[in-house]
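The next block is protein37.txt, given as compact mmCIF, C-alpha atoms.
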```txt
# COMPACT_ATOMS: atom_id res chain seq x y z
CA MET A 979 -70.93 148.51 -39.97
CA ILE A 980 -68.57 150.17 -37.48
CA GLN A 981 -69.21 147.49 -34.90
CA LYS A 982 -68.26 144.72 -37.35
CA ASN A 983 -65.37 146.44 -39.07
CA TRP A 984 -63.72 148.40 -36.27
CA TRP A 985 -60.60 146.23 -36.45
CA LYS A 986 -60.03 147.05 -40.11
CA ILE A 987 -60.18 150.78 -39.35
CA LEU A 988 -57.89 150.23 -36.37
CA GLY A 989 -55.43 148.31 -38.55
CA VAL A 990 -55.28 151.02 -41.21
CA ALA A 991 -54.96 153.75 -38.58
CA LEU A 992 -52.12 151.92 -36.86
CA LEU A 993 -50.28 151.44 -40.16
CA VAL A 994 -50.68 155.10 -41.12
CA TYR A 995 -49.30 155.97 -37.69
CA THR A 996 -46.45 153.44 -38.17
CA ILE A 997 -45.43 154.89 -41.51
CA ILE A 998 -45.52 158.52 -40.36
CA ALA A 999 -44.02 158.04 -36.91
CA GLY A 1000 -41.69 155.33 -38.17
CA LEU A 1001 -40.11 157.50 -40.82
CA LEU A 1002 -40.19 160.83 -38.97
CA GLY A 1003 -39.93 159.89 -35.29
CA ALA A 1004 -36.79 160.18 -33.21
CA VAL A 1005 -34.48 157.15 -33.03
CA PRO A 1006 -31.26 156.47 -31.13
CA ARG A 1007 -28.04 157.17 -33.04
CA LEU A 1008 -25.99 153.98 -33.34
CA ALA A 1009 -22.84 153.20 -35.25
CA ILE A 1010 -23.21 151.05 -38.40
CA ILE A 1011 -26.98 150.67 -38.00
CA ASN A 1012 -27.70 154.43 -38.23
CA GLU A 1013 -31.05 155.20 -39.84
CA THR A 1014 -31.61 151.57 -40.86
CA ILE A 1015 -32.75 151.11 -37.27
CA ARG A 1016 -36.17 152.12 -38.62
CA GLY A 1017 -36.28 148.70 -40.24
CA LEU A 1018 -37.47 147.56 -36.83
CA TYR A 1019 -40.95 148.86 -37.73
CA PHE A 1020 -41.09 147.32 -41.20
CA HIS A 1021 -38.95 144.17 -41.06
CA VAL A 1022 -39.38 142.66 -37.60
CA PRO A 1023 -43.22 142.80 -37.57
CA MET A 1024 -43.19 140.69 -40.76
CA TRP A 1025 -41.82 137.76 -38.72
CA PHE A 1026 -44.31 138.26 -35.92
CA ALA A 1027 -47.10 138.29 -38.52
CA MET A 1028 -45.70 135.24 -40.33
CA VAL A 1029 -45.55 133.20 -37.13
CA VAL A 1030 -49.08 134.29 -36.12
CA PHE A 1031 -50.55 133.27 -39.50
CA LEU A 1032 -48.67 129.98 -39.71
CA ILE A 1033 -49.83 129.06 -36.21
CA GLY A 1034 -53.36 130.05 -37.29
CA SER A 1035 -53.02 127.74 -40.28
CA LEU A 1036 -51.86 124.94 -37.98
CA VAL A 1037 -54.83 125.45 -35.66
CA TYR A 1038 -57.33 125.26 -38.53
CA SER A 1039 -55.61 122.16 -39.96
CA ILE A 1040 -55.98 120.45 -36.59
CA ARG A 1041 -59.62 121.57 -36.43
CA TYR A 1042 -60.23 120.17 -39.91
CA LEU A 1043 -58.83 116.76 -38.98
CA ARG A 1044 -60.92 116.69 -35.80
CA LYS A 1045 -64.23 117.93 -37.22
CA GLY A 1046 -64.00 117.42 -40.98
CA ASN A 1047 -65.53 120.80 -41.88
CA ILE A 1048 -64.15 121.85 -45.28
CA GLN A 1049 -64.39 125.55 -44.34
CA ASP A 1050 -61.62 124.99 -41.79
CA ASP A 1051 -59.36 123.70 -44.55
CA HIS A 1052 -60.08 126.79 -46.68
CA LYS A 1053 -59.10 128.97 -43.72
CA ALA A 1054 -55.95 126.93 -43.11
CA VAL A 1055 -54.70 127.34 -46.67
CA GLU A 1056 -55.49 131.05 -46.89
CA LEU A 1057 -53.79 131.70 -43.54
CA ALA A 1058 -50.75 129.78 -44.78
CA LYS A 1059 -50.70 131.90 -47.94
CA THR A 1060 -50.84 135.13 -45.93
CA GLY A 1061 -48.06 133.76 -43.73
CA LEU A 1062 -46.01 133.06 -46.86
CA LEU A 1063 -46.63 136.61 -48.09
CA PHE A 1064 -45.32 138.08 -44.84
CA GLY A 1065 -42.42 135.63 -44.83
CA MET A 1066 -41.39 136.73 -48.32
CA LEU A 1067 -41.70 140.40 -47.37
CA GLY A 1068 -39.59 139.67 -44.30
CA ILE A 1069 -36.89 138.03 -46.43
CA ILE A 1070 -36.90 140.88 -48.96
CA THR A 1071 -36.71 143.63 -46.32
CA GLY A 1072 -34.02 141.58 -44.56
CA ILE A 1073 -31.98 141.31 -47.77
CA LEU A 1074 -32.25 145.05 -48.34
CA TRP A 1075 -31.03 145.76 -44.82
CA ALA A 1076 -28.29 143.11 -44.81
CA ASN A 1077 -26.90 144.45 -48.07
CA TYR A 1078 -26.09 147.72 -46.30
CA ALA A 1079 -25.35 146.59 -42.76
CA TRP A 1080 -23.51 143.31 -43.42
CA GLY A 1081 -22.25 144.03 -46.91
CA THR A 1082 -23.87 140.97 -48.48
CA PRO A 1083 -27.53 140.28 -49.21
CA TRP A 1084 -27.30 136.67 -47.98
CA HIS A 1085 -25.02 136.20 -45.05
CA GLY A 1086 -25.75 132.61 -44.07
CA ASP A 1087 -27.21 133.93 -40.85
CA PRO A 1088 -29.14 131.19 -38.97
CA LYS A 1089 -32.29 133.32 -38.82
CA GLN A 1090 -32.13 134.00 -42.55
CA ASN A 1091 -31.64 130.31 -43.30
CA GLY A 1092 -34.38 129.30 -40.89
CA ALA A 1093 -36.84 131.68 -42.52
CA ALA A 1094 -35.93 130.38 -45.98
CA ILE A 1095 -36.53 126.78 -44.86
CA ALA A 1096 -39.88 127.76 -43.35
CA LEU A 1097 -40.89 129.25 -46.70
CA LEU A 1098 -39.77 126.06 -48.51
CA ILE A 1099 -42.02 124.01 -46.23
CA TYR A 1100 -45.10 126.10 -47.00
CA PHE A 1101 -44.39 126.23 -50.72
CA ALA A 1102 -44.17 122.43 -50.58
CA TYR A 1103 -47.56 122.48 -48.81
CA LEU A 1104 -49.05 124.42 -51.73
CA VAL A 1105 -47.40 122.11 -54.30
CA LEU A 1106 -48.85 119.12 -52.45
CA ARG A 1107 -52.33 120.68 -52.58
CA GLY A 1108 -51.93 121.33 -56.26
CA SER A 1109 -51.09 117.72 -57.03
CA ILE A 1110 -54.26 116.19 -55.54
CA GLU A 1111 -57.55 116.37 -57.46
CA ASN A 1112 -60.13 115.12 -54.98
CA GLU A 1113 -61.28 117.93 -52.65
CA ASP A 1114 -61.58 115.83 -49.46
CA GLN A 1115 -58.34 113.95 -50.06
CA LYS A 1116 -56.57 117.22 -50.74
CA ALA A 1117 -57.85 118.72 -47.48
CA ARG A 1118 -57.00 115.71 -45.36
CA ILE A 1119 -53.55 114.90 -46.78
CA SER A 1120 -52.39 118.50 -46.83
CA SER A 1121 -53.63 119.04 -43.25
CA VAL A 1122 -51.52 116.09 -42.14
CA TYR A 1123 -48.50 117.57 -43.91
CA ASN A 1124 -49.16 121.01 -42.45
CA ILE A 1125 -49.12 119.66 -38.89
CA PHE A 1126 -46.13 117.35 -39.46
CA ALA A 1127 -44.09 120.10 -41.12
CA PHE A 1128 -44.88 122.49 -38.29
CA ALA A 1129 -43.64 119.93 -35.77
CA ALA A 1130 -40.44 119.62 -37.81
CA MET A 1131 -40.10 123.40 -37.86
CA ILE A 1132 -40.21 123.83 -34.06
CA PRO A 1133 -36.50 122.98 -33.59
CA LEU A 1134 -35.70 125.23 -36.53
CA LEU A 1135 -37.36 128.27 -35.01
CA PHE A 1136 -36.70 127.79 -31.32
CA ILE A 1137 -33.66 125.55 -30.80
CA LEU A 1138 -31.17 125.92 -33.66
CA PRO A 1139 -30.87 129.74 -33.52
CA ARG A 1140 -29.84 129.43 -29.88
CA LEU A 1141 -27.16 126.85 -30.67
CA THR A 1142 -25.42 128.82 -33.39
CA SER A 1143 -23.81 132.20 -33.14
CA SER A 1144 -25.29 134.95 -35.26
CA MET A 1145 -24.65 138.48 -36.42
CA HIS A 1146 -28.35 139.17 -36.41
CA PRO A 1147 -29.44 142.05 -34.19
CA GLY A 1148 -31.08 140.69 -31.07
CA SER A 1149 -28.93 137.57 -30.77
CA GLY A 1150 -25.89 137.12 -28.60
CA GLY A 1151 -23.99 140.28 -27.90
CA ASN A 1152 -25.24 142.13 -30.95
CA PRO A 1153 -27.24 145.31 -30.57
CA GLY A 1154 -30.87 144.40 -30.90
CA PHE A 1155 -34.00 143.94 -28.94
CA ASN A 1156 -32.36 144.22 -25.56
CA MET A 1157 -31.37 147.77 -26.29
CA TYR A 1158 -34.55 148.79 -28.06
CA ASP A 1159 -36.44 147.57 -25.04
CA THR A 1160 -35.01 150.41 -23.05
CA ASP A 1161 -35.85 152.98 -25.70
CA ASN A 1162 -39.49 153.89 -25.14
CA ARG A 1163 -39.69 156.14 -28.18
CA MET A 1164 -39.12 153.16 -30.46
CA LEU A 1165 -41.45 150.84 -28.58
CA MET A 1166 -44.24 153.41 -28.98
CA VAL A 1167 -44.07 152.75 -32.73
CA PHE A 1168 -42.92 149.12 -32.70
CA TYR A 1169 -45.86 147.57 -30.81
CA PRO A 1170 -48.56 149.39 -32.81
CA ALA A 1171 -46.71 148.38 -35.99
CA ILE A 1172 -46.91 144.66 -35.07
CA ILE A 1173 -50.64 144.89 -34.35
CA GLY A 1174 -51.26 146.94 -37.48
CA TRP A 1175 -49.51 144.53 -39.86
CA ILE A 1176 -51.25 141.53 -38.29
CA LEU A 1177 -54.68 143.17 -38.61
CA LEU A 1178 -53.94 143.98 -42.26
CA GLY A 1179 -53.00 140.32 -42.77
CA PHE A 1180 -56.31 139.17 -41.27
CA TRP A 1181 -58.18 141.51 -43.57
CA ILE A 1182 -56.36 140.11 -46.63
CA THR A 1183 -57.08 136.56 -45.46
CA GLN A 1184 -60.75 137.28 -44.85
CA LEU A 1185 -61.16 138.79 -48.30
CA ARG A 1186 -59.46 135.82 -49.95
CA ILE A 1187 -61.68 133.35 -48.10
CA LYS A 1188 -64.77 135.31 -49.20
CA ILE A 1189 -63.61 135.31 -52.83
CA LYS A 1190 -62.95 131.59 -52.65
CA ASN A 1191 -66.42 130.90 -51.25
CA ILE A 1192 -68.06 133.02 -53.94
CA LYS A 1193 -66.11 131.21 -56.66
CA ASN A 1194 -67.05 127.82 -55.22
CA SER A 1195 -70.74 128.68 -55.04
CA LEU A 1196 -70.68 130.03 -58.63
CA GLU A 1197 -69.14 126.80 -59.87
CA SER A 1198 -71.50 124.45 -58.12
CA MET B 988 -50.81 95.52 -30.75
CA GLY B 989 -47.38 93.97 -30.07
CA ASP B 990 -48.28 90.89 -32.10
CA GLN B 991 -49.56 93.02 -34.96
CA ILE B 992 -46.35 95.03 -35.08
CA ARG B 993 -44.20 91.90 -34.99
CA LEU B 994 -46.16 90.22 -37.78
CA LEU B 995 -46.15 93.37 -39.92
CA ILE B 996 -42.38 93.74 -39.58
CA ILE B 997 -41.91 90.10 -40.55
CA SER B 998 -44.20 90.53 -43.54
CA ASN B 999 -42.29 93.65 -44.59
CA PHE B 1000 -39.02 91.74 -44.51
CA LYS B 1001 -40.54 88.81 -46.40
CA THR B 1002 -41.79 91.11 -49.17
CA GLU B 1003 -38.37 92.70 -49.28
CA LEU B 1004 -36.56 89.37 -49.55
CA ARG B 1005 -38.94 88.19 -52.25
CA GLN B 1006 -37.99 91.14 -54.45
CA GLN B 1007 -34.26 91.25 -53.88
CA TYR B 1008 -33.66 93.65 -56.72
CA ALA B 1009 -35.11 96.39 -54.48
CA LEU B 1010 -32.39 96.27 -51.83
CA GLY B 1011 -29.85 95.50 -54.57
CA GLY B 1012 -31.04 98.52 -56.53
CA ILE B 1013 -30.69 100.96 -53.66
CA LEU B 1014 -27.31 99.50 -52.66
CA LEU B 1015 -26.12 99.94 -56.23
CA TYR B 1016 -27.42 103.53 -56.13
CA LEU B 1017 -25.33 104.13 -53.01
CA ILE B 1018 -22.22 102.48 -54.44
CA SER B 1019 -22.48 104.34 -57.75
CA THR B 1020 -22.99 107.68 -56.04
CA ILE B 1021 -19.95 107.22 -53.81
CA PHE B 1022 -17.84 106.02 -56.73
CA ILE B 1023 -18.97 108.93 -58.93
CA THR B 1024 -18.02 111.44 -56.23
CA TYR B 1025 -14.68 109.67 -55.81
CA LEU B 1026 -13.93 109.85 -59.53
CA SER B 1027 -15.16 113.45 -59.76
CA PHE B 1028 -12.92 114.64 -56.95
CA GLY B 1029 -9.97 112.67 -58.32
CA ALA B 1030 -7.25 111.07 -56.26
CA GLY B 1031 -6.44 114.27 -54.38
CA GLY B 1032 -8.72 113.41 -51.50
CA LEU B 1033 -11.03 115.68 -49.53
CA ALA B 1034 -10.69 118.29 -46.82
CA PRO B 1035 -12.38 117.24 -43.54
CA LEU B 1036 -15.24 119.72 -43.97
CA THR B 1037 -16.04 118.52 -47.50
CA TRP B 1038 -15.66 114.89 -46.42
CA ASN B 1039 -18.25 115.38 -43.69
CA THR B 1040 -20.82 117.31 -45.72
CA LEU B 1041 -20.56 115.11 -48.79
CA PHE B 1042 -21.04 111.95 -46.74
CA TRP B 1043 -24.28 113.22 -45.22
CA ILE B 1044 -25.64 114.52 -48.51
CA ILE B 1045 -25.09 111.06 -50.03
CA ILE B 1046 -26.84 109.42 -47.06
CA LEU B 1047 -29.72 111.93 -47.34
CA PHE B 1048 -30.34 111.17 -51.01
CA THR B 1049 -30.05 107.44 -50.43
CA ALA B 1050 -32.53 107.68 -47.56
CA THR B 1051 -35.04 109.65 -49.64
CA ASN B 1052 -34.87 107.07 -52.42
CA ALA B 1053 -34.96 104.06 -50.12
CA ILE B 1054 -37.83 105.22 -47.95
CA ALA B 1055 -39.90 106.59 -50.86
CA ARG B 1056 -40.54 102.98 -51.86
CA SER B 1057 -42.00 101.93 -48.54
CA PHE B 1058 -45.55 102.95 -49.44
CA LEU B 1059 -45.36 103.05 -53.21
CA GLN B 1060 -44.88 99.31 -53.39
CA GLU B 1061 -48.15 98.70 -51.55
CA GLY B 1062 -50.98 98.77 -54.07
CA PRO B 1063 -54.41 100.17 -53.13
CA GLY B 1064 -55.83 96.66 -52.79
CA LYS B 1065 -53.16 95.64 -50.32
CA MET B 1066 -53.66 98.84 -48.31
CA LEU B 1067 -57.37 98.09 -48.01
CA TYR B 1068 -56.52 94.59 -46.83
CA TYR B 1069 -54.23 95.98 -44.11
CA TYR B 1070 -56.86 98.59 -43.23
CA ALA B 1071 -59.33 95.90 -42.38
CA LEU B 1072 -56.87 93.86 -40.33
CA VAL B 1073 -54.52 96.04 -38.26
CA SER B 1074 -54.51 99.28 -36.32
CA PRO B 1075 -52.94 102.29 -38.06
CA GLN B 1076 -50.46 102.86 -35.22
CA ALA B 1077 -49.18 99.29 -35.53
CA PHE B 1078 -48.87 99.75 -39.28
CA ILE B 1079 -46.83 102.97 -39.19
CA LEU B 1080 -44.74 101.71 -36.27
CA ALA B 1081 -43.85 98.54 -38.18
CA LYS B 1082 -42.95 100.62 -41.24
CA ILE B 1083 -40.74 102.94 -39.17
CA ILE B 1084 -38.92 100.03 -37.51
CA PHE B 1085 -38.46 98.29 -40.85
CA ASN B 1086 -37.14 101.47 -42.48
CA THR B 1087 -34.78 102.06 -39.57
CA VAL B 1088 -33.23 98.62 -40.01
CA TYR B 1089 -33.04 99.26 -43.75
CA MET B 1090 -31.40 102.65 -43.21
CA LEU B 1091 -28.91 101.18 -40.70
CA ILE B 1092 -27.79 98.65 -43.30
CA LEU B 1093 -27.47 101.37 -45.95
CA ALA B 1094 -25.75 103.90 -43.67
CA PHE B 1095 -23.13 101.49 -42.38
CA THR B 1096 -22.47 100.05 -45.85
CA GLY B 1097 -22.19 103.61 -47.12
CA LEU B 1098 -19.73 104.54 -44.39
CA GLY B 1099 -17.62 101.47 -45.17
CA LEU B 1100 -17.40 102.25 -48.88
CA TYR B 1101 -16.82 105.93 -48.26
CA TRP B 1102 -14.03 105.05 -45.87
CA VAL B 1103 -12.42 102.74 -48.44
CA VAL B 1104 -12.26 105.37 -51.19
CA PHE B 1105 -11.85 108.60 -49.23
CA GLY B 1106 -10.23 107.47 -45.96
CA SER B 1107 -11.58 108.88 -42.72
CA PHE B 1108 -11.07 111.95 -40.57
CA ILE B 1109 -13.09 110.66 -37.64
CA ALA B 1110 -11.40 111.20 -34.30
CA ASP B 1111 -14.14 109.86 -32.06
CA TRP B 1112 -15.47 106.64 -33.62
CA PRO B 1113 -18.01 105.62 -30.93
CA ALA B 1114 -19.65 109.06 -31.07
CA PHE B 1115 -19.67 109.05 -34.87
CA LEU B 1116 -21.30 105.61 -35.01
CA LEU B 1117 -23.87 106.60 -32.40
CA ASN B 1118 -24.67 109.66 -34.48
CA LEU B 1119 -24.94 107.50 -37.61
CA ALA B 1120 -27.37 105.16 -35.86
CA LEU B 1121 -29.49 108.05 -34.53
CA ALA B 1122 -29.45 109.63 -37.98
CA SER B 1123 -30.72 106.39 -39.55
CA LEU B 1124 -33.54 106.35 -37.00
CA GLY B 1125 -34.23 110.05 -37.59
CA PHE B 1126 -34.34 109.80 -41.39
CA SER B 1127 -36.68 106.86 -41.19
CA VAL B 1128 -38.97 108.58 -38.63
CA ALA B 1129 -39.13 111.81 -40.63
CA LEU B 1130 -39.48 110.28 -44.08
CA THR B 1131 -41.87 107.37 -43.46
CA LEU B 1132 -44.90 109.63 -42.98
CA ILE B 1133 -43.76 111.84 -45.86
CA SER B 1134 -43.55 108.76 -48.07
CA ALA B 1135 -47.12 107.85 -47.08
CA ILE B 1136 -48.25 111.38 -48.01
CA ALA B 1137 -46.37 111.29 -51.32
CA ALA B 1138 -47.84 107.89 -52.15
CA LYS B 1139 -51.37 109.19 -51.46
CA ALA B 1140 -50.76 112.17 -53.70
CA GLY B 1141 -49.70 109.92 -56.56
CA ASN B 1142 -46.91 112.07 -57.94
CA SER B 1143 -44.15 110.20 -56.19
CA ALA B 1144 -40.46 110.93 -56.77
CA THR B 1145 -40.47 114.72 -57.12
CA LEU B 1146 -43.05 115.18 -54.40
CA MET B 1147 -41.09 112.98 -52.00
CA ALA B 1148 -38.05 115.26 -52.34
CA VAL B 1149 -40.02 118.51 -52.26
CA LEU B 1150 -41.99 117.50 -49.16
CA GLY B 1151 -39.17 115.66 -47.43
CA PHE B 1152 -36.17 117.96 -47.72
CA PRO B 1153 -37.47 120.97 -45.80
CA VAL B 1154 -38.85 118.67 -43.08
CA ILE B 1155 -35.55 116.84 -42.68
CA LEU B 1156 -33.31 119.90 -42.92
CA PRO B 1157 -33.33 120.94 -39.24
CA MET B 1158 -32.43 117.38 -38.28
CA LEU B 1159 -29.74 117.19 -40.96
CA LEU B 1160 -28.13 120.40 -39.68
CA ILE B 1161 -27.85 118.95 -36.18
CA ILE B 1162 -26.50 115.64 -37.51
CA ILE B 1163 -23.80 117.36 -39.60
CA ARG B 1164 -22.91 119.48 -36.58
CA ILE B 1165 -22.47 116.45 -34.32
CA SER B 1166 -20.51 114.70 -37.04
CA LYS B 1167 -18.19 117.71 -37.32
CA HIS B 1168 -17.66 117.57 -33.55
CA THR B 1169 -16.65 113.90 -33.74
CA ILE B 1170 -14.18 114.72 -36.53
CA ASP B 1171 -12.68 117.52 -34.47
CA GLY B 1172 -12.54 115.15 -31.51
CA LEU B 1173 -14.46 117.47 -29.20
CA ASP B 1174 -15.24 116.45 -25.64
CA TRP B 1175 -18.27 114.25 -24.92
CA SER B 1176 -19.81 116.91 -22.72
CA ILE B 1177 -20.26 119.10 -25.83
CA ILE B 1178 -21.43 116.30 -28.11
CA ILE B 1179 -23.94 114.89 -25.63
CA GLY B 1180 -26.01 118.12 -25.63
CA ASP B 1181 -26.46 118.01 -29.40
CA ILE B 1182 -27.20 114.28 -29.30
CA GLY B 1183 -29.95 115.12 -26.82
CA VAL B 1184 -31.42 117.69 -29.22
CA LEU B 1185 -31.32 115.14 -32.05
CA ALA B 1186 -33.03 112.53 -29.87
CA ALA B 1187 -35.69 115.09 -28.89
CA ILE B 1188 -36.39 115.93 -32.56
CA ASN B 1189 -36.70 112.21 -33.31
CA LEU B 1190 -39.15 111.76 -30.45
CA LEU B 1191 -41.21 114.77 -31.56
CA LEU B 1192 -41.53 113.58 -35.17
CA PHE B 1193 -42.16 110.03 -34.01
CA SER B 1194 -45.13 111.08 -31.85
CA ALA B 1195 -46.42 113.32 -34.64
CA SER B 1196 -46.27 110.36 -37.07
CA LEU B 1197 -48.21 108.11 -34.71
CA LEU B 1198 -50.86 110.78 -34.14
CA LEU B 1199 -51.27 111.81 -37.77
CA PHE B 1200 -51.06 108.54 -39.68
CA PRO B 1201 -54.61 107.39 -38.77
CA TYR B 1202 -56.00 110.41 -40.67
CA LEU B 1203 -54.04 109.53 -43.82
CA TRP B 1204 -55.03 105.91 -43.51
CA ARG B 1205 -58.73 106.69 -43.55
CA SER B 1206 -58.72 108.29 -46.98
```
If you convert what's in this file into structure tokens, what do you get?
Amino acid sequence: MIQKNWWKILGVALLVYTIIAGLLGAVPRLAIINETIRGLYFHVPMWFAMVVFLIGSLVYSIRYLRKGNIQDDHKAVELAKTGLLFGMLGIITGILWANYAWGTPWHGDPKQNGAAIALLIYFAYLVLRGSIENEDQKARISSVYNIFAFAAMIPLLFILPRLTSSMHPGSGGNPGFNMYDTDNRMLMVFYPAIIGWILLGFWITQLRIKIKNIKNSLES
Amino acid sequence: MGDQIRLLIISNFKTELRQQYALGGILLYLISTIFITYLSFGAGGLAPLTWNTLFWIIILFTATNAIARSFLQEGPGKMLYYYALVSPQAFILAKIIFNTVYMLILAFTGLGLYWVVFGSFIADWPAFLLNLALASLGFSVALTLISAIAAKAGNSATLMAVLGFPVILPMLLIIIRISKHTIDGLDWSIIIGDIGVLAAINLLLFSASLLLFPYLWRS
């Protein structure tokens, strides 16, 4: 039991630690950002988690096309859904923060726009799956789209943000990661928070795959 | 392989010429759209920023409509016939080349009409035309595979837009950016970097199309 589920316990423990230390721990005092700096523990890890799950989805889509095992396709779609969940949470927490720090919920910031486009792509992936009846066709066609869309997203995530200026913390001359990096107190919470949220995401995904398998075996 | 591609392109053009209403239809779509925007804005003309964005939005919608047809017109029987005869890479390559030529015709016609009704703000014509040509290639590379996916999924027109727009958006942003540079008459050294990025995106999607199409083909 413990040997199999240690990572779930670790994930919950890390998140409990994140919430307590994240809300009560000491943080640097900065103008404008003030206490919203704690968003680092609850907003930024959402993006890390989203990218991890979307890459996971990509890997299983590639595996499906290579080996043709339908289980890989189930994993790909559930990982994509978890990625979407974290992406939406990231957007919502970002909107909350931007409303205070920038004065508007949607600022046309390149990272905001990029995240919104990434979500559009994966919603389209789900719509595509919904419009195909045949199970094998659905798996194959949507895997192809998943991989193609990811290729199209690479410039969005890694090239465009570097070409455009941004008010987002962490880009250009804005206060962001570079400064947090030197603050060890914040890193002591930030890194565990990333791992904790990702482990929670894996747990959600695993449960959803189990439910799906049970449903499938009940139907057949 | 080379022969196959050549023959497929020729057959694509022959099919196209046989049903002339297809090219006529999409040209009319382009003309009507440009004329509608002209009438809607009135005789006052456009600011450079609006001119630029509107032009590319019109080209985007025309491209989606034009390329959506490229697989829908092939019935299942004809696809099976091709499947038995040619390699999937040759097939998709021929489609991409054909769509690029098609898009070049549409894009340059579109620019001509747009120029007639709205005038032009372009300061650097060679750079703008190069960008237009690369954009035609890019739209056709990005949308040909999407059109194959949409055709497989049956539910064509809506699905084509839903699947295609987010995929093409990063490319469109770069294209509009380069276009803005050519309107502002910026130096080549600035434009060339963005052109390089656009070319790299094209190459990436092109290789992805070649790698992925065989899997679609099989089903």
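Residue neighbourhood of segment 1133-1138 of chain B, excluding near-sequence residues (fewer than 3 positions): Ile1119 and Tyr1123 of chain A; Ile1054, Ala1055, Arg1056, Ser1057, Phe1058, Leu1059, Ala1129, Leu1130, Gly1141, Asn1142, Ser1143, Leu1146, Met1147, Leu1150, Gly1151 and Leu1203 of chain B, at 8 Å, using all atoms listed in the file.
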Just C-alpha atoms for this one: save the residues we selected as a PDB file, in the frame of the given file.
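Dumped everything to selection-v2.pdb:
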```
ATOM      1  CA  ILE A1119     -53.550 114.900 -46.780  1.00  0.00           C
ATOM      2  CA  TYR A1123     -48.500 117.570 -43.910  1.00  0.00           C
TER       3      TYR A1123
ATOM      4  CA  ILE B1054     -37.830 105.220 -47.950  1.00  0.00           C
ATOM      5  CA  ALA B1055     -39.900 106.590 -50.860  1.00  0.00           C
ATOM      6  CA  ARG B1056     -40.540 102.980 -51.860  1.00  0.00           C
ATOM      7  CA  SER B1057     -42.000 101.930 -48.540  1.00  0.00           C
ATOM      8  CA  PHE B1058     -45.550 102.950 -49.440  1.00  0.00           C
ATOM      9  CA  LEU B1059     -45.360 103.050 -53.210  1.00  0.00           C
ATOM     10  CA  ALA B1129     -39.130 111.810 -40.630  1.00  0.00           C
ATOM     11  CA  LEU B1130     -39.480 110.280 -44.080  1.00  0.00           C
ATOM     12  CA  GLY B1141     -49.700 109.920 -56.560  1.00  0.00           C
ATOM     13  CA  ASN B1142     -46.910 112.070 -57.940  1.00  0.00           C
ATOM     14  CA  SER B1143     -44.150 110.200 -56.190  1.00  0.00           C
ATOM     15  CA  LEU B1146     -43.050 115.180 -54.400  1.00  0.00           C
ATOM     16  CA  MET B1147     -41.090 112.980 -52.000  1.00  0.00           C
ATOM     17  CA  LEU B1150     -41.990 117.500 -49.160  1.00  0.00           C
ATOM     18  CA  GLY B1151     -39.170 115.660 -47.430  1.00  0.00           C
ATOM     19  CA  LEU B1203     -54.040 109.530 -43.820  1.00  0.00           C
TER      20      LEU B1203
END
```
List the neighbours of Leu1185 of chain A out to 12 Å using all atoms listed in the file; skip same-chain residues closer than 4 positions along the sequence, and give me the result as a short mmCIF file (atom, residue, chain, number, x, y, z; two decimals) with C-alpha atoms, in the coordinates of the input.
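part-v1.cif, freshly written:
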```cif
data_model
loop_
_atom_site.label_atom_id
_atom_site.label_comp_id
_atom_site.auth_asym_id
_atom_site.auth_seq_id
_atom_site.Cartn_x
_atom_site.Cartn_y
_atom_site.Cartn_z
CA LYS A 986 -60.03 147.05 -40.11
CA LYS A 1053 -59.10 128.97 -43.72
CA GLU A 1056 -55.49 131.05 -46.89
CA LEU A 1057 -53.79 131.70 -43.54
CA THR A 1060 -50.84 135.13 -45.93
CA LEU A 1178 -53.94 143.98 -42.26
CA GLY A 1179 -53.00 140.32 -42.77
CA PHE A 1180 -56.31 139.17 -41.27
CA TRP A 1181 -58.18 141.51 -43.57
CA ILE A 1189 -63.61 135.31 -52.83
CA LYS A 1190 -62.95 131.59 -52.65
CA ASN A 1191 -66.42 130.90 -51.25
CA ILE A 1192 -68.06 133.02 -53.94
#
```
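Put simply, atom CA of Ala1081 of chain B is 5.3 Å away from atom CA of Ile992 of chain B.
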Box in all listed atoms of segment 990-1007 of chain A, axis-aligned, with 4 Å more on each side; write out centre and edge lengths in Å to one decimal as lines of an AutoDock Vina configuration file.
```
center_x = -41.7
center_y = 155.9
center_z = -36.3
size_x = 35.2
size_y = 17.8
size_z = 18.4
```
Using only C-alpha atoms, which residues sit within 8 Å of Ala1053 of chain B once same-chain residues fewer than 4 positions away are excluded, as JSON, numbers by chain?
{"B": [1013, 1049, 1057, 1090]}
For the residues in that selection, give me C-alpha atoms as a compact mmCIF listing (two decimals), in the frame of the given file.
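result-v1.txt, written as the output of this step:
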```txt
# COMPACT_ATOMS: atom_id res chain seq x y z
CA ILE B 1013 -30.69 100.96 -53.66
CA THR B 1049 -30.05 107.44 -50.43
CA SER B 1057 -42.00 101.93 -48.54
CA MET B 1090 -31.40 102.65 -43.21
```
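Residue nearest Ser1127 of chain B within the list B:Ala1050, B:Leu1098, B:Ile1165, B:Leu994: B:Ala1050 [criterion: smallest interatomic distance, only C-alpha atoms].
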Expressed in Å, the length from atom CA of Tyr1042 of chain A to atom CA of Leu1104 of chain A is 16.8 Å
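When all atoms listed in the file are used to measure the gap to Asn1124 of chain A, the shortest distance among A:Pro1170, A:Gly989, A:Gly1068, A:Gly1034 belongs to A:Gly1034.
Reported to one decimal place, the separation of atom CA of Leu1062 of chain A from atom CA of Asn1194 of chain A is 23.2 Å.
Of the listed residues A:Thr1071, A:Thr996, A:Asn983, A:Gln1090, the one whose atoms come nearest to Leu1165 of chain A is A:Thr996, with distances taken using all atoms listed in the file.
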